[in-house]
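Novice: My file is model_28.txt. It has compact mmCIF, C-alpha atoms and all ligand atoms:
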```
# COMPACT_ATOMS: atom_id res chain seq x y z
CA MET C 102 -16.07 7.68 -267.17
CA TYR C 103 -14.12 10.47 -268.82
CA GLU C 104 -14.12 10.23 -272.59
CA PRO C 105 -11.48 12.31 -274.36
CA PRO C 106 -13.19 14.72 -276.77
CA ASP C 107 -12.89 14.13 -280.47
CA TRP C 108 -11.54 17.61 -281.25
CA ALA C 109 -11.61 17.20 -285.02
CA LYS C 110 -15.28 16.35 -284.87
CA LEU C 111 -16.19 19.00 -282.31
CA GLY C 112 -14.36 21.73 -284.21
CA ALA C 113 -15.86 20.70 -287.52
CA ARG C 114 -17.57 23.54 -289.34
CA PRO C 115 -21.30 23.27 -289.79
CA THR C 116 -22.05 22.24 -293.31
CA PHE C 117 -24.63 23.95 -295.49
CA ALA C 118 -26.60 22.64 -298.45
CA VAL C 119 -28.72 24.78 -300.76
CA VAL C 120 -31.45 22.71 -302.39
CA GLY C 121 -33.59 23.86 -305.32
CA LEU C 122 -37.11 22.38 -305.43
CA GLY C 123 -39.06 22.42 -308.70
CA GLY C 124 -38.24 24.66 -311.67
CA ALA C 125 -37.84 28.12 -310.12
CA GLY C 126 -36.03 26.80 -307.02
CA SER C 127 -33.56 24.79 -309.10
CA ASP C 128 -32.95 27.72 -311.47
CA ALA C 129 -32.12 29.84 -308.43
CA VAL C 130 -29.55 27.28 -307.24
CA ARG C 131 -27.96 27.23 -310.68
CA ASP C 132 -27.79 31.05 -310.62
CA LEU C 133 -26.11 30.95 -307.20
CA VAL C 134 -23.48 28.58 -308.58
CA ASP C 135 -22.99 30.83 -311.63
CA LEU C 136 -22.52 33.80 -309.29
CA GLY C 137 -19.79 31.89 -307.46
CA ILE C 138 -21.48 31.13 -304.14
CA SER C 139 -19.06 29.92 -301.48
CA PRO C 140 -17.85 26.33 -302.05
CA LEU C 141 -18.78 25.69 -298.41
CA VAL C 142 -22.43 25.70 -299.52
CA HIS C 143 -23.26 22.48 -301.38
CA PRO C 144 -25.76 22.87 -304.26
CA LEU C 145 -28.35 20.29 -305.31
CA ALA C 146 -31.75 20.13 -306.98
CA ILE C 147 -34.88 17.99 -306.63
CA ASN C 148 -37.62 17.96 -309.24
CA THR C 149 -40.31 15.85 -310.92
CA ASP C 150 -39.10 17.19 -314.29
CA ALA C 151 -36.17 15.19 -315.69
CA LYS C 152 -35.39 17.52 -318.59
CA HIS C 153 -35.18 20.51 -316.31
CA LEU C 154 -32.88 18.66 -313.90
CA LEU C 155 -30.57 17.67 -316.76
CA SER C 156 -30.40 21.23 -318.06
CA LEU C 157 -28.97 22.60 -314.81
CA GLY C 158 -25.44 21.23 -315.03
CA LEU C 159 -25.39 20.48 -311.28
CA ASP C 160 -23.47 17.44 -310.03
CA GLU C 161 -26.12 16.37 -307.58
CA ARG C 162 -29.80 16.13 -308.50
CA ILE C 163 -32.70 13.93 -307.47
CA LEU C 164 -35.59 13.01 -309.78
CA ILE C 165 -38.71 12.02 -307.85
CA GLY C 166 -42.04 10.47 -308.90
CA GLN C 167 -40.72 8.69 -311.97
CA ARG C 168 -43.38 5.98 -311.85
CA GLU C 169 -46.43 8.20 -311.56
CA LEU C 170 -45.28 11.44 -313.19
CA LYS C 171 -42.96 9.92 -315.82
CA GLY C 172 -40.28 12.58 -315.34
CA ARG C 173 -42.40 15.23 -317.00
CA GLY C 174 -43.19 17.58 -314.10
CA SER C 175 -46.31 17.58 -311.95
CA GLY C 176 -48.59 19.83 -314.01
CA GLY C 177 -49.66 21.34 -310.69
CA ASP C 178 -50.71 18.00 -309.14
CA ARG C 179 -49.88 18.46 -305.45
CA GLY C 180 -51.12 14.99 -304.48
CA GLY C 181 -48.86 13.38 -307.08
CA VAL C 182 -45.86 15.34 -305.77
CA LEU C 183 -46.59 14.41 -302.17
CA ARG C 184 -46.85 10.71 -303.11
CA ALA C 185 -43.57 11.02 -305.02
CA ALA C 186 -41.95 12.74 -302.03
CA ALA C 187 -43.13 10.03 -299.64
CA ASP C 188 -41.76 7.33 -302.00
CA SER C 189 -38.34 9.02 -302.11
CA ARG C 190 -38.34 10.26 -298.54
CA ASP C 191 -35.61 7.97 -297.23
CA GLU C 192 -33.25 8.65 -300.13
CA ILE C 193 -33.76 12.42 -299.90
CA LEU C 194 -33.21 12.47 -296.14
CA ARG C 195 -30.15 10.24 -296.46
CA ARG C 196 -28.61 12.83 -298.75
CA LEU C 197 -29.71 15.93 -296.83
CA GLN C 198 -29.36 15.09 -293.18
CA LYS C 199 -25.58 15.01 -293.30
CA TYR C 200 -25.69 18.82 -293.58
CA GLU C 201 -26.27 20.86 -290.46
CA VAL C 202 -28.23 23.55 -292.27
CA VAL C 203 -30.37 22.85 -295.34
CA VAL C 204 -31.55 25.92 -297.24
CA LEU C 205 -34.56 24.98 -299.39
CA LEU C 206 -35.57 27.22 -302.32
CA ALA C 207 -38.85 27.14 -304.24
CA GLY C 208 -40.99 29.43 -306.37
CA LEU C 209 -44.53 29.13 -305.02
CA GLY C 210 -47.46 28.51 -307.35
CA GLY C 211 -46.42 25.37 -309.27
CA GLY C 212 -47.01 21.80 -308.12
CA THR C 213 -43.54 20.53 -307.32
CA GLY C 214 -41.80 23.26 -305.31
CA SER C 215 -44.94 24.30 -303.40
CA ALA C 216 -45.68 20.74 -302.23
CA LEU C 217 -42.10 19.63 -301.61
CA LEU C 218 -41.02 22.62 -299.56
CA PRO C 219 -43.39 22.22 -296.57
CA TYR C 220 -43.07 18.41 -296.79
CA LEU C 221 -39.26 18.45 -296.59
CA CYS C 222 -39.18 21.15 -293.91
CA ARG C 223 -41.40 19.03 -291.72
CA GLU C 224 -39.33 15.87 -292.34
CA LEU C 225 -36.00 17.64 -291.78
CA ARG C 226 -37.21 19.13 -288.51
CA ARG C 227 -37.35 15.56 -287.18
CA THR C 228 -33.62 15.15 -287.94
CA GLU C 229 -30.55 17.02 -286.70
CA ALA C 230 -30.51 19.26 -289.79
CA LEU C 231 -31.92 22.81 -289.56
CA PRO C 232 -34.16 23.56 -292.58
CA ILE C 233 -34.35 27.17 -293.81
CA PRO C 234 -37.14 27.66 -296.38
CA ILE C 235 -36.78 30.51 -298.88
CA VAL C 236 -39.67 31.18 -301.25
CA PHE C 237 -40.20 33.36 -304.30
CA LEU C 238 -43.66 34.84 -304.49
CA PRO C 239 -45.13 35.19 -308.00
CA PHE C 240 -46.07 38.53 -309.52
CA ALA C 241 -49.47 39.81 -308.30
CA ILE C 242 -50.98 39.53 -311.77
CA GLU C 243 -50.23 35.78 -311.85
CA LEU C 244 -52.22 35.34 -308.65
CA GLN C 245 -55.06 37.68 -309.48
CA THR C 246 -55.71 35.92 -312.76
CA ASN C 247 -55.21 32.34 -311.62
CA PRO C 248 -57.16 31.20 -308.54
CA ALA C 249 -55.60 27.72 -308.57
CA ARG C 250 -52.12 29.21 -308.39
CA ARG C 251 -53.17 31.51 -305.61
CA GLU C 252 -54.62 28.59 -303.66
CA THR C 253 -51.30 26.75 -304.05
CA VAL C 254 -49.33 29.75 -302.76
CA GLU C 255 -51.70 30.10 -299.79
CA TYR C 256 -51.38 26.39 -299.03
CA ALA C 257 -47.57 26.49 -298.94
CA LEU C 258 -47.41 29.69 -296.86
CA ASP C 259 -50.00 28.40 -294.38
CA GLU C 260 -48.03 25.18 -293.92
CA LEU C 261 -44.70 26.98 -293.51
CA GLU C 262 -46.04 29.61 -291.12
CA ALA C 263 -47.73 26.98 -288.99
CA MET C 264 -44.37 25.26 -288.46
CA GLY C 265 -42.78 28.45 -287.06
CA GLY C 266 -39.03 28.89 -287.27
CA LEU C 267 -37.39 30.71 -290.15
CA LEU C 268 -39.21 31.73 -293.30
CA VAL C 269 -37.76 34.00 -295.97
CA ALA C 270 -40.07 35.25 -298.72
CA LEU C 271 -38.66 37.19 -301.68
CA ASP C 272 -41.47 38.98 -303.43
CA ASN C 273 -41.25 39.29 -307.22
CA GLU C 274 -43.72 42.15 -307.05
CA LYS C 275 -41.02 44.28 -305.46
CA LEU C 276 -38.89 43.83 -308.56
CA ARG C 277 -41.48 45.85 -310.48
CA ARG C 278 -39.98 49.00 -309.04
CA HIS C 279 -37.33 48.41 -311.65
CA GLU C 280 -39.59 47.27 -314.43
CA GLY C 281 -37.85 49.60 -316.89
CA LEU C 282 -34.53 47.77 -316.48
CA PRO C 283 -33.62 44.68 -318.53
CA MET C 284 -35.27 41.66 -316.95
CA GLN C 285 -32.06 39.70 -316.79
CA ARG C 286 -30.45 42.43 -314.73
CA VAL C 287 -33.37 42.62 -312.32
CA PHE C 288 -33.37 38.85 -311.73
CA ARG C 289 -29.63 38.99 -311.24
CA PHE C 290 -30.20 41.51 -308.44
CA ARG C 291 -32.50 39.00 -306.83
CA SER C 292 -29.90 36.22 -307.16
CA SER C 293 -27.18 38.45 -305.71
CA TYR C 294 -29.40 39.31 -302.77
CA LEU C 295 -30.08 35.63 -302.24
CA ARG C 296 -26.39 34.84 -302.35
CA GLN C 297 -25.67 37.55 -299.81
CA LEU C 298 -28.40 36.20 -297.56
CA ILE C 299 -27.22 32.59 -297.65
CA GLU C 300 -23.54 33.45 -297.27
CA SER C 301 -24.29 35.80 -294.37
CA LEU C 302 -26.15 33.04 -292.53
CA HIS C 303 -23.36 30.62 -293.28
CA ASP C 304 -20.66 32.98 -292.05
CA MET C 305 -22.68 33.97 -288.99
CA VAL C 306 -22.82 30.42 -287.63
CA ASN C 307 -19.40 29.32 -288.82
CA GLY C 308 -16.80 31.88 -287.90
CA ALA C 309 -15.14 32.04 -284.53
CA SER C 310 -15.26 35.65 -283.33
CA GLN C 311 -15.03 38.00 -280.36
CA MET C 312 -18.74 37.86 -279.67
CA ASN C 313 -19.75 34.64 -281.20
CA VAL C 314 -23.09 33.57 -282.54
CA ASP C 315 -23.04 29.91 -283.44
CA LEU C 316 -25.50 27.36 -284.73
CA ALA C 317 -26.73 26.55 -281.20
CA THR C 318 -27.42 30.28 -280.60
CA LEU C 319 -29.39 30.46 -283.82
CA ARG C 320 -31.38 27.33 -282.97
CA ASN C 321 -32.22 28.58 -279.47
CA HIS C 322 -33.20 31.97 -280.82
CA LEU C 323 -35.49 30.37 -283.40
CA GLY C 324 -36.97 28.01 -280.84
CA ASP C 325 -38.05 30.94 -278.67
CA SER C 326 -39.16 33.36 -281.37
CA GLY C 327 -42.21 31.97 -283.21
CA LEU C 328 -42.06 32.86 -286.88
CA SER C 329 -38.77 34.54 -287.87
CA THR C 330 -37.08 35.97 -290.92
CA VAL C 331 -33.63 37.21 -291.96
CA LEU C 332 -32.48 40.62 -293.12
CA VAL C 333 -29.08 41.40 -294.58
CA ALA C 334 -27.27 44.52 -295.71
CA GLU C 335 -23.78 45.85 -296.28
CA HIS C 336 -22.66 49.44 -295.93
CA HIS C 337 -19.64 51.64 -295.20
CA HIS C 338 -18.80 51.56 -291.49
CA SER C 339 -19.11 55.33 -291.17
CA GLU C 340 -22.90 55.24 -291.70
CA PRO C 341 -24.44 52.70 -289.30
CA ASP C 342 -27.93 54.22 -289.59
CA ARG C 343 -27.89 53.78 -293.36
CA LEU C 344 -26.83 50.16 -292.85
CA VAL C 345 -29.90 49.50 -290.72
CA GLN C 346 -32.19 51.39 -293.09
CA SER C 347 -30.86 49.41 -295.98
CA ALA C 348 -31.48 46.11 -294.18
CA LEU C 349 -35.05 47.08 -293.37
CA LYS C 350 -36.09 48.94 -296.49
CA ASP C 351 -34.05 47.66 -299.41
CA SER C 352 -34.92 44.05 -298.90
CA LEU C 353 -37.13 41.87 -301.04
CA LEU C 354 -38.70 40.49 -297.92
CA ASP C 355 -42.16 41.19 -296.70
CA PHE C 356 -43.26 40.93 -293.12
CA GLU C 357 -45.04 42.67 -290.29
CA LEU C 358 -44.01 42.56 -286.68
CA SER C 359 -46.15 41.50 -283.76
CA GLN C 360 -45.85 43.00 -280.28
CA GLN C 361 -43.37 40.33 -279.24
CA THR C 362 -40.28 40.74 -281.37
CA SER C 363 -36.75 39.53 -280.83
CA ALA C 364 -33.58 40.04 -282.81
CA LEU C 365 -30.34 38.21 -283.26
CA ILE C 366 -28.01 40.82 -284.70
CA HIS C 367 -24.69 39.86 -286.18
CA LEU C 368 -22.18 42.36 -287.48
CA ASP C 369 -19.04 41.62 -289.34
CA GLY C 370 -16.59 44.24 -290.33
CA GLY C 371 -12.90 45.03 -290.81
CA SER C 372 -10.37 45.50 -288.03
CA ASN C 373 -11.40 49.18 -287.80
CA LEU C 374 -14.94 48.31 -286.68
CA THR C 375 -15.49 50.47 -283.59
CA LEU C 376 -17.64 49.96 -280.53
CA ARG C 377 -19.40 53.19 -281.45
CA THR C 378 -20.52 51.73 -284.80
CA VAL C 379 -21.74 48.55 -283.14
CA ASP C 380 -23.62 50.58 -280.55
CA ARG C 381 -25.24 52.82 -283.21
CA VAL C 382 -26.40 49.80 -285.21
CA LEU C 383 -27.90 48.22 -282.11
CA ARG C 384 -29.70 51.41 -281.09
CA SER C 385 -31.01 52.00 -284.57
CA MET C 386 -32.29 48.40 -284.86
CA HIS C 387 -33.83 48.66 -281.41
CA GLU C 388 -35.75 51.76 -282.46
CA SER C 389 -36.77 50.45 -285.87
CA LEU C 390 -38.11 47.22 -284.40
CA HIS C 391 -40.06 49.12 -281.72
CA ALA C 392 -37.98 47.92 -278.79
CA PRO C 393 -37.74 44.15 -279.19
CA GLN C 394 -38.02 42.15 -276.01
CA ARG C 395 -34.80 40.26 -276.56
CA VAL C 396 -31.67 41.16 -278.49
CA ILE C 397 -28.65 38.92 -279.00
CA LEU C 398 -25.49 40.45 -280.43
CA GLY C 399 -22.64 38.80 -282.29
CA THR C 400 -19.63 40.44 -283.93
CA ARG C 401 -16.80 39.23 -286.03
CA ILE C 402 -13.77 40.78 -287.65
CA ARG C 403 -12.90 39.74 -291.15
CA GLU C 404 -9.74 41.31 -292.51
CA GLU C 405 -11.17 41.25 -296.03
CA SER C 406 -14.17 43.35 -294.95
CA ARG C 407 -12.06 46.53 -294.75
CA GLU C 408 -14.44 49.52 -294.85
CA VAL C 409 -17.65 47.54 -295.16
CA VAL C 410 -19.84 46.33 -292.31
CA ARG C 411 -22.24 43.50 -292.96
CA LEU C 412 -25.41 43.19 -290.89
CA THR C 413 -27.29 39.92 -290.59
CA ALA C 414 -30.43 40.11 -288.45
CA VAL C 415 -32.72 37.22 -287.57
CA ILE C 416 -35.96 38.90 -286.56
CA GLY C 417 -38.44 36.85 -284.53
CA GLY C 418 -42.08 37.42 -283.64
CA LEU C 419 -43.53 38.01 -287.08
CA LYS C 420 -47.27 38.39 -287.36
CA PRO C 421 -49.12 35.33 -288.65
CA ARG C 422 -50.22 35.71 -292.29
CA THR C 423 -47.51 38.29 -292.59
CA VAL C 424 -46.21 37.26 -295.99
CA ARG C 425 -49.34 38.23 -297.85
CA HIS C 426 -48.71 41.63 -299.42
CA THR C 427 -48.74 40.44 -302.99
CA LEU C 428 -51.67 38.17 -302.33
CA ASP C 429 -53.64 40.99 -300.81
CA GLY C 430 -52.95 43.26 -303.74
CA PHE C 431 -50.30 45.57 -302.29
CA GLY C 432 -48.01 47.13 -304.85
CA PRO C 433 -44.22 47.19 -304.67
CA SER C 434 -43.08 49.31 -301.77
CA LEU C 435 -39.39 48.66 -301.39
CA SER C 436 -36.37 49.20 -303.60
CA LEU C 437 -33.75 46.73 -304.72
CA PRO C 438 -31.00 45.72 -302.33
CA SER C 439 -27.46 46.87 -302.85
CA VAL C 440 -25.44 44.05 -304.33
CA ARG C 441 -21.82 43.13 -304.29
N1 LIG C 501 -39.51 29.88 -313.39
C1 LIG C 501 -39.55 30.84 -312.44
N2 LIG C 501 -40.65 30.93 -311.65
C2 LIG C 501 -40.67 31.83 -310.66
C3 LIG C 501 -39.59 32.70 -310.44
N3 LIG C 501 -39.90 33.48 -309.38
C4 LIG C 501 -41.13 33.11 -308.96
N4 LIG C 501 -41.60 32.12 -309.71
C5 LIG C 501 -42.90 31.47 -309.53
O1 LIG C 501 -42.67 30.14 -309.13
C6 LIG C 501 -43.85 29.42 -309.34
C7 LIG C 501 -43.53 27.97 -309.55
O2 LIG C 501 -43.07 27.68 -310.83
P1 LIG C 501 -42.16 26.42 -311.15
O3 LIG C 501 -40.97 26.44 -310.25
O4 LIG C 501 -41.91 26.45 -312.60
O5 LIG C 501 -43.10 25.20 -310.73
P2 LIG C 501 -42.63 23.78 -310.17
O6 LIG C 501 -42.37 23.87 -308.72
O7 LIG C 501 -41.56 23.24 -311.04
O8 LIG C 501 -43.98 22.92 -310.30
P3 LIG C 501 -44.59 22.10 -311.58
O9 LIG C 501 -43.80 22.49 -312.78
O10 LIG C 501 -46.02 22.51 -311.58
O11 LIG C 501 -44.40 20.69 -311.21
C8 LIG C 501 -44.60 30.12 -310.45
O12 LIG C 501 -45.83 30.56 -309.92
C9 LIG C 501 -43.73 31.33 -310.78
O13 LIG C 501 -44.49 32.48 -310.92
C10 LIG C 501 -38.45 32.60 -311.28
O14 LIG C 501 -37.47 33.30 -311.16
N5 LIG C 501 -38.47 31.65 -312.27
MG MG C 502 -41.70 22.43 -312.99
```
Take the structure in the file and write it out as C-alpha cells.
Specialist:
Amino acid sequence: MYEPPDWAKLGARPTFAVVGLGGAGSDAVRDLVDLGISPLVHPLAINTDAKHLLSLGLDERILIGQRELKGRGSGGDRGGVLRAAADSRDEILRRLQKYEVVVLLAGLGGGTGSALLPYLCRELRRTEALPIPIVFLPFAIELQTNPARRETVEYALDELEAMGGLLVALDNEKLRRHEGLPMQRVFRFRSSYLRQLIESLHDMVNGASQMNVDLATLRNHLGDSGLSTVLVAEHHHSEPDRLVQSALKDSLLDFELSQQTSALIHLDGGSNLTLRTVDRVLRSMHESLHAPQRVILGTRIREESREVVRLTAVIGGLKPRTVRHTLDGFGPSLSLPSVR
C-alpha cells in the first residue's frame, strides 16, 4: 500500500551533538561554546567529577558513578568508570541517540574519558546514531614518565582502532612547535581547529548542493574504508595546491596510510568556485594520497564563502596502530592549522 511520505520528517536536517567526556573532553566542549560553535551542534558533558561538571556552565551534563565514585572523579580507576557507565547506560543512550551524529571528545590518559569513549562508541554503534570519536593525545613527556598513563592511552586507542570507522586524534606534541607562544593562544588554536573540523563535518552532511554528500554517503564510505580520519583546511580559491597541502601538513592529526586508501572529498566555496579549482584539488589529493582506490566528490556553494574554499576530506584505509607517533617518541613534525 502506498504511504504518503512525511516530508517534514524526511527533509529534517541531521542533528549533531558534541559530548565532552571527563575533564579534558568537557573543557574542550566548553571552549567550543565560548568560540561560538554553530547552534546546530548541541553541547553536553559527561563526567565522574561533579565539581568539574558544575564549573562548565553547560545546560546539559550527566554525572555518572555517584554511588561508587562519590562525584569526585575516577582517580584513574577504569573499572570504576566502566561500572558507572554500565549503570547509566540507558539514561546516556536515551539522551544521545536522538542525534544522528554524536561527536565524542576525550583527553586520553585519565580514567574517565579514556574508559567512557570506547564504551560509548561501541554502544552508540548499536543504535541509529553515528559516533565520531575525537581524542587529545598527551604530551610525550607525560607518557614517557608515567607508564600507567601510557597504558591507558594504548588501551583506548587499541579499542577505538579495533572498531574501525572514524577516529580523529589531535596530538598535543604538535603544539610544541609553538612552545614559545603563550599557552592560552596555542590551546585556542587547537580549539579553533576542532571547531572547524566539527562544523565542516556538520555542513558536509547537512547542506543540499550540486554534488551532494549526505549522511548516508558518509556512512557507506566509512563502512567500506576500515579505519578513517578527517582532514580540514580553508584557503583562497586561487591556490588549490596550497589548500591540499594545508589540509595534509598543517593538521594536528597523525596517521599513516596503508596501500588501500579511499577519500571522500568535499569542497565548499563561493559562487566563483570554478571547475578548474575543483579539478586541481582532486588531482592534488589523488597524488598526495598515492592514488587512492576510491574517491567520492561533493561540492557545495555557500554565498558567504566568497573567496575561500573549504576542504573536508574523510580519508579511509589508515594503517593499524597509526596514531602512535607521540607514544613512539616522535617529535612534533607539523605546524599549526590556519584558523578563522
Ligand atoms: N585537562 C586537559 N588535559 C588534556 C588536554 N589535552 C590532553 N589532555 C590529556 O588528557 C588526559 C586526561 O585528563 P583528564 O581529562 O583530566 O582525565 P579524566 O578523563 O577526567 O579522568 P579522571 O580525572 O582520571 O577520572 C591527560 O593525560 C592529559 O594529558 C587539555 O587540553 N586539558
Ligand atoms: Mg577528571
Novice: If you count only C-alpha atoms and all ligand atoms, which residues end up within 6 Å of ligand LIG 501 (chain C), as a PyMOL selection string?
Specialist: chain C and resi 123-126+174-177+208-215+237-239
Novice: Restricting it to C-alpha atoms, dump the selection as a short mmCIF file (atom, residue, chain, number, x, y, z; two decimals), keeping the file's coordinate frame.
Specialist:
```cif
data_model
loop_
_atom_site.label_atom_id
_atom_site.label_comp_id
_atom_site.auth_asym_id
_atom_site.auth_seq_id
_atom_site.Cartn_x
_atom_site.Cartn_y
_atom_site.Cartn_z
CA GLY C 123 -39.06 22.42 -308.70
CA GLY C 124 -38.24 24.66 -311.67
CA ALA C 125 -37.84 28.12 -310.12
CA GLY C 126 -36.03 26.80 -307.02
CA GLY C 174 -43.19 17.58 -314.10
CA SER C 175 -46.31 17.58 -311.95
CA GLY C 176 -48.59 19.83 -314.01
CA GLY C 177 -49.66 21.34 -310.69
CA GLY C 208 -40.99 29.43 -306.37
CA LEU C 209 -44.53 29.13 -305.02
CA GLY C 210 -47.46 28.51 -307.35
CA GLY C 211 -46.42 25.37 -309.27
CA GLY C 212 -47.01 21.80 -308.12
CA THR C 213 -43.54 20.53 -307.32
CA GLY C 214 -41.80 23.26 -305.31
CA SER C 215 -44.94 24.30 -303.40
CA PHE C 237 -40.20 33.36 -304.30
CA LEU C 238 -43.66 34.84 -304.49
CA PRO C 239 -45.13 35.19 -308.00
#
```
Novice: Looking at C:Thr413, C:Ser301, C:Asn321, C:Gln311, which one is nearest to Leu383 in chain C, with distances taken over only C-alpha atoms?
Specialist: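 Looking only at the distances to Leu383 in chain C, the closest residue turns out to be C:Thr413.
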Novice: Between C:Gly324, C:Arg190, C:Glu388, C:Leu316, which one has atoms that come closest to Gln346 in chain C, using only C-alpha atoms?
Specialist: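 Once distances to Gln346 in chain C are computed over only C-alpha atoms, the minimum belongs to C:Glu388.
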Novice: Quick one: distance from CA of Ile397 in chain C to CA of Ile366 in chain C in Å, one decimal?
Specialist: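 Between CA of Ile397 in chain C and CA of Ile366 in chain C the gap is 6.0 Å.
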Novice: Choose the residue, out of C:Val345, C:Ile165, C:Leu271, C:Val410, that has the smallest atom-to-atom separation from ligand MG 502 (chain C); count only C-alpha atoms and all ligand atoms.
Specialist: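 Comparing C:Val345, C:Ile165, C:Leu271, C:Val410 against ligand MG 502 (chain C), the winner is C:Ile165.
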Novice: Report the distance between CA of Ala241 in chain C and atom MG of ligand MG 502 (chain C) in Å, rounded to one decimal place.
Specialist: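 Distance between the two atoms: 19.6 Å.
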